[in-house]
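Participant: Got a file for you: start.cif, mmCIF, N, CA and C atoms.
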data_final
#
loop_
_atom_site.label_atom_id
_atom_site.label_comp_id
_atom_site.auth_asym_id
_atom_site.auth_seq_id
_atom_site.Cartn_x
_atom_site.Cartn_y
_atom_site.Cartn_z
N VAL A 1 13.40 0.16 14.39
CA VAL A 1 12.96 0.90 13.21
C VAL A 1 13.22 0.09 11.94
N SER A 2 14.38 -0.53 11.84
CA SER A 2 14.76 -1.23 10.61
C SER A 2 13.80 -2.36 10.25
N VAL A 3 13.19 -2.98 11.24
CA VAL A 3 12.27 -4.08 10.97
C VAL A 3 11.07 -3.59 10.14
N PHE A 4 10.70 -2.34 10.28
CA PHE A 4 9.58 -1.79 9.52
C PHE A 4 9.97 -1.45 8.09
N PHE A 5 11.28 -1.33 7.83
CA PHE A 5 11.75 -0.95 6.50
C PHE A 5 12.34 -2.11 5.72
N GLY A 6 12.37 -3.30 6.26
CA GLY A 6 12.86 -4.41 5.46
C GLY A 6 13.49 -5.56 6.21
N SER A 7 14.18 -5.29 7.28
CA SER A 7 14.86 -6.37 7.97
C SER A 7 15.11 -6.03 9.43
N PRO A 8 14.99 -7.02 10.29
CA PRO A 8 15.38 -6.80 11.69
C PRO A 8 16.90 -6.85 11.79
N TYR A 9 17.42 -6.33 12.87
CA TYR A 9 18.85 -6.39 13.11
C TYR A 9 19.23 -7.81 13.51
N VAL A 10 20.13 -8.41 12.75
CA VAL A 10 20.62 -9.76 13.04
C VAL A 10 22.12 -9.75 12.76
N THR A 11 22.91 -10.23 13.72
CA THR A 11 24.36 -10.30 13.48
C THR A 11 24.68 -11.50 12.60
N THR A 12 25.79 -11.41 11.92
CA THR A 12 26.26 -12.49 11.07
C THR A 12 27.57 -13.00 11.65
N ASN A 13 27.77 -14.28 11.59
CA ASN A 13 29.00 -14.89 12.04
C ASN A 13 30.18 -14.25 11.32
N LYS A 14 31.16 -13.79 12.09
CA LYS A 14 32.33 -13.09 11.55
C LYS A 14 33.07 -13.92 10.49
N LYS A 15 33.21 -15.22 10.73
CA LYS A 15 33.90 -16.09 9.77
C LYS A 15 33.16 -16.16 8.43
N VAL A 16 31.83 -16.12 8.50
CA VAL A 16 31.02 -16.14 7.28
C VAL A 16 31.23 -14.85 6.49
N VAL A 17 31.25 -13.73 7.19
CA VAL A 17 31.46 -12.44 6.52
C VAL A 17 32.85 -12.40 5.87
N ILE A 18 33.86 -12.81 6.58
CA ILE A 18 35.22 -12.83 6.04
C ILE A 18 35.28 -13.70 4.79
N LYS A 19 34.65 -14.87 4.85
CA LYS A 19 34.61 -15.78 3.70
C LYS A 19 33.91 -15.09 2.52
N ALA A 20 32.79 -14.42 2.78
CA ALA A 20 32.04 -13.73 1.72
C ALA A 20 32.87 -12.61 1.10
N LEU A 21 33.58 -11.85 1.92
CA LEU A 21 34.38 -10.75 1.39
C LEU A 21 35.56 -11.27 0.57
N LYS A 22 36.11 -12.40 0.98
CA LYS A 22 37.20 -13.02 0.20
C LYS A 22 36.68 -13.51 -1.14
N ILE A 23 35.52 -14.16 -1.15
CA ILE A 23 34.94 -14.66 -2.40
C ILE A 23 34.60 -13.50 -3.34
N ALA A 24 34.17 -12.38 -2.77
CA ALA A 24 33.84 -11.19 -3.57
C ALA A 24 35.11 -10.45 -4.02
N ASN A 25 36.27 -10.95 -3.60
CA ASN A 25 37.56 -10.34 -3.95
C ASN A 25 37.65 -8.88 -3.52
N LEU A 26 37.17 -8.58 -2.31
CA LEU A 26 37.29 -7.23 -1.78
C LEU A 26 38.77 -6.92 -1.62
N GLU A 27 39.20 -5.78 -2.18
CA GLU A 27 40.61 -5.43 -2.19
C GLU A 27 40.86 -4.04 -1.66
N LYS A 28 42.11 -3.77 -1.38
CA LYS A 28 42.53 -2.44 -0.92
C LYS A 28 42.08 -1.39 -1.93
N GLY A 29 41.47 -0.34 -1.41
CA GLY A 29 41.02 0.76 -2.25
C GLY A 29 39.62 0.61 -2.82
N ASP A 30 39.04 -0.58 -2.70
CA ASP A 30 37.66 -0.78 -3.17
C ASP A 30 36.69 0.08 -2.37
N ILE A 31 35.61 0.48 -3.03
CA ILE A 31 34.51 1.18 -2.36
C ILE A 31 33.50 0.11 -1.97
N PHE A 32 33.28 -0.01 -0.67
CA PHE A 32 32.43 -1.05 -0.10
C PHE A 32 31.20 -0.41 0.54
N TYR A 33 30.00 -0.88 0.19
CA TYR A 33 28.76 -0.40 0.79
C TYR A 33 28.11 -1.54 1.57
N ASP A 34 27.69 -1.23 2.78
CA ASP A 34 26.90 -2.17 3.58
C ASP A 34 25.51 -1.57 3.73
N LEU A 35 24.53 -2.23 3.13
CA LEU A 35 23.15 -1.75 3.17
C LEU A 35 22.46 -2.31 4.40
N GLY A 36 22.19 -1.44 5.36
CA GLY A 36 21.66 -1.87 6.65
C GLY A 36 22.83 -2.28 7.52
N SER A 37 23.69 -1.32 7.82
CA SER A 37 24.99 -1.62 8.43
C SER A 37 24.96 -1.91 9.93
N GLY A 38 23.80 -1.80 10.57
CA GLY A 38 23.69 -2.18 11.97
C GLY A 38 24.75 -1.53 12.85
N ASN A 39 25.44 -2.34 13.64
CA ASN A 39 26.42 -1.81 14.60
C ASN A 39 27.80 -1.56 14.01
N GLY A 40 27.97 -1.76 12.71
CA GLY A 40 29.24 -1.46 12.05
C GLY A 40 30.22 -2.61 11.95
N ASP A 41 29.85 -3.79 12.42
CA ASP A 41 30.77 -4.95 12.38
C ASP A 41 31.32 -5.22 10.99
N ILE A 42 30.44 -5.23 9.99
CA ILE A 42 30.85 -5.57 8.63
C ILE A 42 31.76 -4.49 8.07
N LEU A 43 31.47 -3.24 8.39
CA LEU A 43 32.31 -2.13 7.93
C LEU A 43 33.72 -2.24 8.48
N ILE A 44 33.82 -2.62 9.73
CA ILE A 44 35.13 -2.78 10.36
C ILE A 44 35.92 -3.90 9.68
N LEU A 45 35.24 -4.99 9.35
CA LEU A 45 35.91 -6.09 8.64
C LEU A 45 36.34 -5.65 7.24
N ALA A 46 35.46 -4.94 6.53
CA ALA A 46 35.79 -4.48 5.17
C ALA A 46 36.99 -3.54 5.19
N GLN A 47 37.05 -2.70 6.20
CA GLN A 47 38.17 -1.77 6.33
C GLN A 47 39.48 -2.54 6.54
N LYS A 48 39.42 -3.67 7.23
CA LYS A 48 40.62 -4.49 7.45
C LYS A 48 41.14 -5.08 6.14
N PHE A 49 40.27 -5.19 5.13
CA PHE A 49 40.68 -5.64 3.80
C PHE A 49 41.31 -4.49 3.01
N GLY A 50 41.24 -3.27 3.57
CA GLY A 50 41.78 -2.10 2.90
C GLY A 50 40.75 -1.31 2.11
N ALA A 51 39.49 -1.69 2.24
CA ALA A 51 38.43 -1.00 1.50
C ALA A 51 38.04 0.31 2.19
N LYS A 52 37.48 1.20 1.41
CA LYS A 52 36.83 2.39 1.95
C LYS A 52 35.38 1.98 2.17
N ALA A 53 34.97 1.91 3.43
CA ALA A 53 33.69 1.30 3.78
C ALA A 53 32.64 2.37 4.11
N PHE A 54 31.47 2.22 3.49
CA PHE A 54 30.35 3.12 3.71
C PHE A 54 29.17 2.31 4.19
N GLY A 55 28.60 2.70 5.32
CA GLY A 55 27.44 2.02 5.86
C GLY A 55 26.21 2.90 5.80
N PHE A 56 25.07 2.28 5.61
CA PHE A 56 23.80 3.00 5.55
C PHE A 56 22.84 2.31 6.50
N GLU A 57 22.33 3.07 7.46
CA GLU A 57 21.49 2.51 8.52
C GLU A 57 20.31 3.43 8.80
N ILE A 58 19.12 2.85 8.96
CA ILE A 58 17.92 3.64 9.20
C ILE A 58 17.50 3.66 10.67
N SER A 59 18.03 2.75 11.46
CA SER A 59 17.70 2.73 12.88
C SER A 59 18.60 3.71 13.63
N PRO A 60 18.02 4.71 14.30
CA PRO A 60 18.85 5.69 15.02
C PRO A 60 19.76 5.03 16.06
N TYR A 61 19.26 4.02 16.74
CA TYR A 61 20.04 3.34 17.77
C TYR A 61 21.30 2.71 17.18
N TYR A 62 21.15 1.91 16.11
CA TYR A 62 22.30 1.24 15.52
C TYR A 62 23.21 2.22 14.80
N TYR A 63 22.64 3.26 14.22
CA TYR A 63 23.44 4.29 13.57
C TYR A 63 24.39 4.93 14.60
N ILE A 64 23.86 5.35 15.74
CA ILE A 64 24.68 5.98 16.78
C ILE A 64 25.72 5.00 17.32
N TRP A 65 25.29 3.78 17.56
CA TRP A 65 26.20 2.74 18.06
C TRP A 65 27.37 2.55 17.08
N ALA A 66 27.07 2.42 15.80
CA ALA A 66 28.11 2.22 14.80
C ALA A 66 29.02 3.44 14.68
N LYS A 67 28.44 4.62 14.74
CA LYS A 67 29.25 5.85 14.68
C LYS A 67 30.26 5.88 15.82
N LEU A 68 29.82 5.53 17.01
CA LEU A 68 30.70 5.52 18.17
C LEU A 68 31.81 4.46 18.02
N ARG A 69 31.45 3.30 17.51
CA ARG A 69 32.43 2.21 17.35
C ARG A 69 33.48 2.52 16.29
N THR A 70 33.16 3.40 15.35
CA THR A 70 34.06 3.63 14.22
C THR A 70 34.65 5.05 14.20
N LEU A 71 34.55 5.75 15.31
CA LEU A 71 35.04 7.13 15.38
C LEU A 71 36.48 7.28 14.93
N ASN A 72 37.35 6.39 15.32
CA ASN A 72 38.78 6.50 15.01
C ASN A 72 39.19 5.70 13.78
N LYS A 73 38.23 5.40 12.92
CA LYS A 73 38.53 4.61 11.72
C LYS A 73 38.26 5.49 10.49
N PRO A 74 39.32 6.10 9.94
CA PRO A 74 39.15 7.08 8.87
C PRO A 74 38.56 6.53 7.57
N ASN A 75 38.68 5.25 7.31
CA ASN A 75 38.15 4.69 6.06
C ASN A 75 36.73 4.15 6.20
N ILE A 76 36.04 4.56 7.26
CA ILE A 76 34.65 4.14 7.46
C ILE A 76 33.78 5.38 7.61
N GLN A 77 32.70 5.40 6.84
CA GLN A 77 31.69 6.45 6.97
C GLN A 77 30.34 5.77 7.12
N ILE A 78 29.53 6.29 8.04
CA ILE A 78 28.20 5.75 8.25
C ILE A 78 27.19 6.87 8.07
N LYS A 79 26.17 6.57 7.30
CA LYS A 79 25.12 7.56 7.06
C LYS A 79 23.80 7.06 7.60
N TYR A 80 23.07 7.98 8.20
CA TYR A 80 21.73 7.70 8.68
C TYR A 80 20.81 7.89 7.49
N GLN A 81 20.52 6.79 6.78
CA GLN A 81 19.83 6.91 5.51
C GLN A 81 19.08 5.63 5.16
N ASN A 82 17.94 5.81 4.55
CA ASN A 82 17.15 4.70 4.02
C ASN A 82 17.90 4.17 2.79
N ILE A 83 18.11 2.87 2.72
CA ILE A 83 18.90 2.31 1.62
C ILE A 83 18.22 2.47 0.26
N ASN A 84 16.93 2.70 0.24
CA ASN A 84 16.25 2.97 -1.03
C ASN A 84 16.75 4.26 -1.66
N ASN A 85 17.31 5.15 -0.85
CA ASN A 85 17.78 6.45 -1.33
C ASN A 85 19.29 6.51 -1.54
N VAL A 86 19.96 5.39 -1.41
CA VAL A 86 21.41 5.34 -1.58
C VAL A 86 21.72 5.13 -3.06
N ASN A 87 22.61 5.95 -3.60
CA ASN A 87 23.06 5.78 -4.97
C ASN A 87 24.22 4.78 -4.95
N LEU A 88 24.07 3.69 -5.67
CA LEU A 88 25.04 2.59 -5.63
C LEU A 88 26.12 2.67 -6.71
N LYS A 89 26.10 3.70 -7.53
CA LYS A 89 26.96 3.76 -8.73
C LYS A 89 28.46 3.71 -8.44
N LYS A 90 28.89 4.18 -7.28
CA LYS A 90 30.33 4.21 -6.99
C LYS A 90 30.85 2.93 -6.35
N ALA A 91 29.96 2.08 -5.91
CA ALA A 91 30.35 0.88 -5.14
C ALA A 91 31.04 -0.17 -6.02
N ASP A 92 32.11 -0.73 -5.47
CA ASP A 92 32.76 -1.88 -6.09
C ASP A 92 32.17 -3.18 -5.55
N VAL A 93 31.88 -3.17 -4.24
CA VAL A 93 31.26 -4.34 -3.59
C VAL A 93 30.14 -3.82 -2.68
N VAL A 94 28.96 -4.42 -2.83
CA VAL A 94 27.82 -4.09 -1.98
C VAL A 94 27.47 -5.34 -1.18
N TYR A 95 27.27 -5.16 0.12
CA TYR A 95 26.95 -6.26 1.03
C TYR A 95 25.57 -6.03 1.62
N CYS A 96 24.78 -7.08 1.69
CA CYS A 96 23.49 -6.96 2.36
C CYS A 96 23.08 -8.29 3.00
N TYR A 97 22.43 -8.16 4.11
CA TYR A 97 21.83 -9.31 4.79
C TYR A 97 20.41 -8.86 5.13
N LEU A 98 19.55 -8.97 4.11
CA LEU A 98 18.19 -8.47 4.20
C LEU A 98 17.21 -9.59 3.88
N LEU A 99 15.98 -9.41 4.29
CA LEU A 99 14.94 -10.41 4.04
C LEU A 99 14.59 -10.46 2.55
N PRO A 100 14.16 -11.65 2.06
CA PRO A 100 13.87 -11.82 0.63
C PRO A 100 12.88 -10.80 0.05
N LYS A 101 11.86 -10.48 0.78
CA LYS A 101 10.86 -9.53 0.29
C LYS A 101 11.51 -8.17 -0.02
N PHE A 102 12.41 -7.74 0.83
CA PHE A 102 13.07 -6.47 0.62
C PHE A 102 14.12 -6.57 -0.50
N LEU A 103 14.82 -7.69 -0.55
CA LEU A 103 15.81 -7.89 -1.61
C LEU A 103 15.14 -7.86 -2.98
N GLU A 104 13.96 -8.44 -3.07
CA GLU A 104 13.23 -8.44 -4.34
C GLU A 104 12.90 -7.01 -4.77
N LYS A 105 12.52 -6.18 -3.81
CA LYS A 105 12.22 -4.78 -4.12
C LYS A 105 13.47 -4.03 -4.58
N LEU A 106 14.62 -4.43 -4.07
CA LEU A 106 15.88 -3.78 -4.43
C LEU A 106 16.50 -4.31 -5.72
N SER A 107 16.02 -5.43 -6.22
CA SER A 107 16.62 -6.08 -7.38
C SER A 107 16.75 -5.13 -8.57
N LEU A 108 15.72 -4.40 -8.90
CA LEU A 108 15.77 -3.47 -10.03
C LEU A 108 16.78 -2.35 -9.77
N LYS A 109 16.83 -1.86 -8.53
CA LYS A 109 17.80 -0.82 -8.15
C LYS A 109 19.22 -1.34 -8.38
N PHE A 110 19.48 -2.57 -7.96
CA PHE A 110 20.80 -3.16 -8.18
C PHE A 110 21.14 -3.20 -9.67
N GLN A 111 20.18 -3.66 -10.48
CA GLN A 111 20.41 -3.78 -11.92
C GLN A 111 20.65 -2.42 -12.58
N LYS A 112 19.96 -1.41 -12.13
CA LYS A 112 20.09 -0.07 -12.72
C LYS A 112 21.35 0.66 -12.27
N GLU A 113 21.72 0.50 -11.01
CA GLU A 113 22.75 1.36 -10.43
C GLU A 113 24.14 0.75 -10.31
N LEU A 114 24.23 -0.56 -10.17
CA LEU A 114 25.57 -1.13 -9.98
C LEU A 114 26.35 -1.11 -11.28
N LYS A 115 27.59 -0.64 -11.19
CA LYS A 115 28.42 -0.50 -12.39
C LYS A 115 28.97 -1.85 -12.84
N SER A 116 29.39 -1.88 -14.06
CA SER A 116 30.00 -3.07 -14.63
C SER A 116 31.23 -3.46 -13.81
N GLY A 117 31.33 -4.72 -13.46
CA GLY A 117 32.46 -5.21 -12.68
C GLY A 117 32.23 -5.22 -11.18
N SER A 118 31.17 -4.55 -10.73
CA SER A 118 30.90 -4.54 -9.28
C SER A 118 30.29 -5.87 -8.85
N LYS A 119 30.37 -6.11 -7.54
CA LYS A 119 29.84 -7.35 -6.98
C LYS A 119 28.85 -7.07 -5.87
N LEU A 120 27.88 -7.92 -5.75
CA LEU A 120 26.84 -7.82 -4.72
C LEU A 120 26.87 -9.10 -3.91
N VAL A 121 26.97 -8.95 -2.60
CA VAL A 121 27.00 -10.08 -1.68
C VAL A 121 25.70 -10.11 -0.90
N SER A 122 25.02 -11.24 -0.93
CA SER A 122 23.81 -11.42 -0.12
C SER A 122 24.01 -12.64 0.76
N ILE A 123 23.78 -12.47 2.03
CA ILE A 123 23.93 -13.58 2.97
C ILE A 123 22.56 -14.22 3.19
N SER A 124 22.50 -15.52 3.06
CA SER A 124 21.35 -16.38 3.34
C SER A 124 20.24 -16.37 2.30
N PHE A 125 20.04 -15.27 1.59
CA PHE A 125 18.89 -15.20 0.69
C PHE A 125 19.30 -14.82 -0.73
N PRO A 126 18.79 -15.58 -1.73
CA PRO A 126 19.04 -15.20 -3.11
C PRO A 126 18.20 -13.98 -3.47
N ILE A 127 18.58 -13.33 -4.56
CA ILE A 127 17.85 -12.15 -5.01
C ILE A 127 17.16 -12.49 -6.33
N ARG A 128 15.84 -12.54 -6.28
CA ARG A 128 15.07 -12.85 -7.48
C ARG A 128 15.35 -11.82 -8.56
N GLY A 129 15.48 -12.31 -9.78
CA GLY A 129 15.74 -11.42 -10.90
C GLY A 129 17.22 -11.27 -11.21
N LEU A 130 18.07 -11.77 -10.34
CA LEU A 130 19.52 -11.71 -10.58
C LEU A 130 20.07 -13.13 -10.66
N LYS A 131 21.08 -13.30 -11.48
CA LYS A 131 21.73 -14.61 -11.58
C LYS A 131 23.04 -14.56 -10.82
N GLU A 132 23.16 -15.44 -9.83
CA GLU A 132 24.38 -15.40 -9.02
C GLU A 132 25.58 -15.93 -9.79
N LYS A 133 26.72 -15.36 -9.47
CA LYS A 133 27.99 -15.82 -10.03
C LYS A 133 28.50 -16.99 -9.19
N THR A 134 28.34 -16.86 -7.87
CA THR A 134 28.81 -17.87 -6.94
C THR A 134 27.77 -18.09 -5.86
N LYS A 135 27.59 -19.35 -5.52
CA LYS A 135 26.70 -19.72 -4.41
C LYS A 135 27.48 -20.72 -3.58
N LEU A 136 27.66 -20.40 -2.30
CA LEU A 136 28.47 -21.25 -1.44
C LEU A 136 27.80 -21.45 -0.10
N LYS A 137 27.68 -22.70 0.30
CA LYS A 137 27.20 -22.99 1.65
C LYS A 137 28.41 -22.99 2.56
N TYR A 138 28.31 -22.22 3.64
CA TYR A 138 29.42 -22.11 4.58
C TYR A 138 28.85 -22.01 5.98
N GLN A 139 29.24 -22.95 6.81
CA GLN A 139 28.67 -23.10 8.14
C GLN A 139 27.15 -23.23 7.98
N ASN A 140 26.35 -22.44 8.66
CA ASN A 140 24.90 -22.56 8.52
C ASN A 140 24.30 -21.49 7.60
N TYR A 141 25.12 -20.91 6.76
CA TYR A 141 24.70 -19.82 5.88
C TYR A 141 24.92 -20.20 4.42
N THR A 142 24.22 -19.51 3.54
CA THR A 142 24.52 -19.58 2.12
C THR A 142 24.95 -18.18 1.71
N ILE A 143 26.05 -18.12 1.00
CA ILE A 143 26.60 -16.85 0.51
C ILE A 143 26.32 -16.78 -0.99
N TYR A 144 25.68 -15.70 -1.40
CA TYR A 144 25.39 -15.47 -2.82
C TYR A 144 26.23 -14.26 -3.28
N ILE A 145 26.94 -14.44 -4.38
CA ILE A 145 27.73 -13.35 -4.95
C ILE A 145 27.21 -13.14 -6.39
N TYR A 146 26.87 -11.90 -6.68
CA TYR A 146 26.40 -11.51 -8.00
C TYR A 146 27.42 -10.57 -8.62
N LYS A 147 27.70 -10.75 -9.91
CA LYS A 147 28.64 -9.86 -10.59
C LYS A 147 27.91 -9.12 -11.70
N PHE A 148 28.20 -7.84 -11.78
CA PHE A 148 27.52 -6.99 -12.77
C PHE A 148 28.47 -6.59 -13.89
#
Hey, can you dump this file as structure tokens for me?

Facilitator:
Amino acid sequence: VSVFFGSPYVTTNKKVVIKALKIANLEKGDIFYDLGSGNGDILILAQKFGAKAFGFEISPYYYIWAKLRTLNKPNIQIKYQNINNVNLKKADVVYCYLLPKFLEKLSLKFQKELKSGSKLVSISFPIRGLKEKTKLKYQNYTIYIYKF
């Protein structure tokens, strides 16, 4: 289902995600959003940083899979929701690994909704219309961090 709404399900190397979350300075108590949270891997990592992690997934299969994987993790919530309908105002750090075409459509949403001081992490693809704070090549990925 997710491929029709912006991106196919693709896992990210765990070391790359950890590096990205460190660069974004994810801290205990931060509100973390994963847009297109798939099987919940990123949410589980964010929770290990002490963040309150919220995932948004449109594929029923991955939504159910992630819900099952995170049942006993009180700081993780997963919603079956289209990310276009997610209000980003409370997020301290937003993570996404989406295709450029979809990121471009979300660019205005990011600019309108992300609060001052929040950070946006994009793996592999820059977001047109936004100026990155940090760009880092790590393993076979590029990590983009935007600060609002």

Participant: What are the closest atom pairs, with distances in Å to one decimal, for each residue of region 54-123 of chain A lying within 7 Å of region 127-134 of chain A, using only N, CA and C atoms, rows by chain and rising residue number, as a Markdown table?

Facilitator:
| residue | atom | partner | partner_atom | distance |
| --- | --- | --- | --- | --- |
| A:Pro100 | CA | A:Ile127 | CA | 6.9 |
| A:Leu103 | C | A:Ile127 | CA | 5.5 |
| A:Glu104 | CA | A:Arg128 | N | 5.2 |
| A:Ser107 | CA | A:Arg128 | C | 6.0 |

Participant: Within 6.5 Å of (21.2, 4.2, 10.0) in the file's own coordinates, which protein, DNA or RNA residues have an atom, counting all atoms listed in the file? List them as a list in words.

Facilitator: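 In the file's frame, the residues around the point are Ser37, Phe56, Glu57, Ile58, Ser59, Pro60, Tyr62, Tyr63, Ile64, Lys79, Tyr80 and Gln81 of chain A.
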
Participant: For Arg69 (chain A), which residue out of A:Leu98, A:Lys19, A:Lys90, A:Asn39 is the nearest one, using only N, CA and C atoms?

Facilitator: A:Asn39

Participant: Rank nothing, just name the residue among A:Leu120, A:Leu35, A:Ala53, A:Ala66 nearest to Ile83 (chain A), using only N, CA and C atoms.

Facilitator: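 Selected residue with least distance to Ile83 (chain A): A:Leu35.
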
Participant: Any chance you could work out the axis-aligned box around region 65-83 of chain A, listed atoms only, 8 Å on each side, giving centre and edge lengths in Å to one decimal, as JSON?

Facilitator:
{"center_x": 28.2, "center_y": 5.1, "center_z": 9.2, "size_x": 38.2, "size_y": 21.8, "size_z": 33.9}

Participant: Ranking A:Asn13, A:Thr142, A:Asn72, A:Ser116 by minimum distance to Asp92 (chain A) and counting only C-alpha atoms, which one comes first?

Facilitator: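 Once distances to Asp92 (chain A) are computed over only C-alpha atoms, the minimum belongs to A:Ser116.
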
Participant: What is the CA of Gln77 (chain A)-CA of Ala51 (chain A) distance in Å, reported with one decimal?

Facilitator: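 Here the two named atoms are 11.4 Å from each other.
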
Participant: Please compute the CA of Asn82 (chain A)-CA of Lys14 (chain A) distance, one decimal, in Å.

Facilitator: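 Separation between CA of Asn82 (chain A) and CA of Lys14 (chain A): 24.6 Å.
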
Participant: DSSP on the backbone: what in region 27-125 of chain A comes out alpha helix (DSSP H), as number ranges by chain?

Facilitator: A: 41-48, 60-69, 100-113

Participant: Going by the chain IDs and residue numbers used in this file, which residues fall under the PyMOL selection byres (((chain A and resi 76 and name CA) around 7) and name CA)? Write them as a PyMOL selection string.

Facilitator: chain A and resi 43+47+52-54+70+73-75+77-78

Participant: Return as a PyMOL selection string the full set of residues in chain A whose backbone-based DSSP assignment is strand (DSSP E).

Facilitator: chain A and resi 31-35+52-57+76-80+93-96+119-123+134-138+141-147

Participant: Would you write out, as a ChimeraX atom specification, every residue that the PyMOL selection byres ((chain A and resi 33) around 5) captures in this file?

Facilitator: /A:31-32,34-35,54,93-95

Participant: So, counting all atoms listed in the file, which residue among A:Gly117, A:Asp30, A:Ala20, A:Asn87 is closest to Tyr144 (chain A)?

Facilitator: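 That would be A:Ala20, the residue with the smallest distance to Tyr144 (chain A).
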
Participant: I'd like the interatomic distance between CA of Tyr141 (chain A) and atom C of Lys48 (chain A), to a tenth of an Å.

Facilitator: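 Value for the CA of Tyr141 (chain A)-atom C of Lys48 (chain A) distance: 22.1 Å.
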
Participant: Choose the residue, out of A:Asp41, A:Ser118, A:Ser124, A:Leu68, that has the smallest atom-to-atom separation from Tyr146 (chain A); count all atoms listed in the file.

Facilitator: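 Of all the options, A:Ser118 lies closest to Tyr146 (chain A).
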
Participant: Pick the closest to Gly38 (chain A) from A:Val17, A:Leu88, A:Leu26, A:Lys67: which is it, counting only N, CA and C atoms?

Facilitator: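 For Gly38 (chain A), the nearest of the candidates is A:Lys67.
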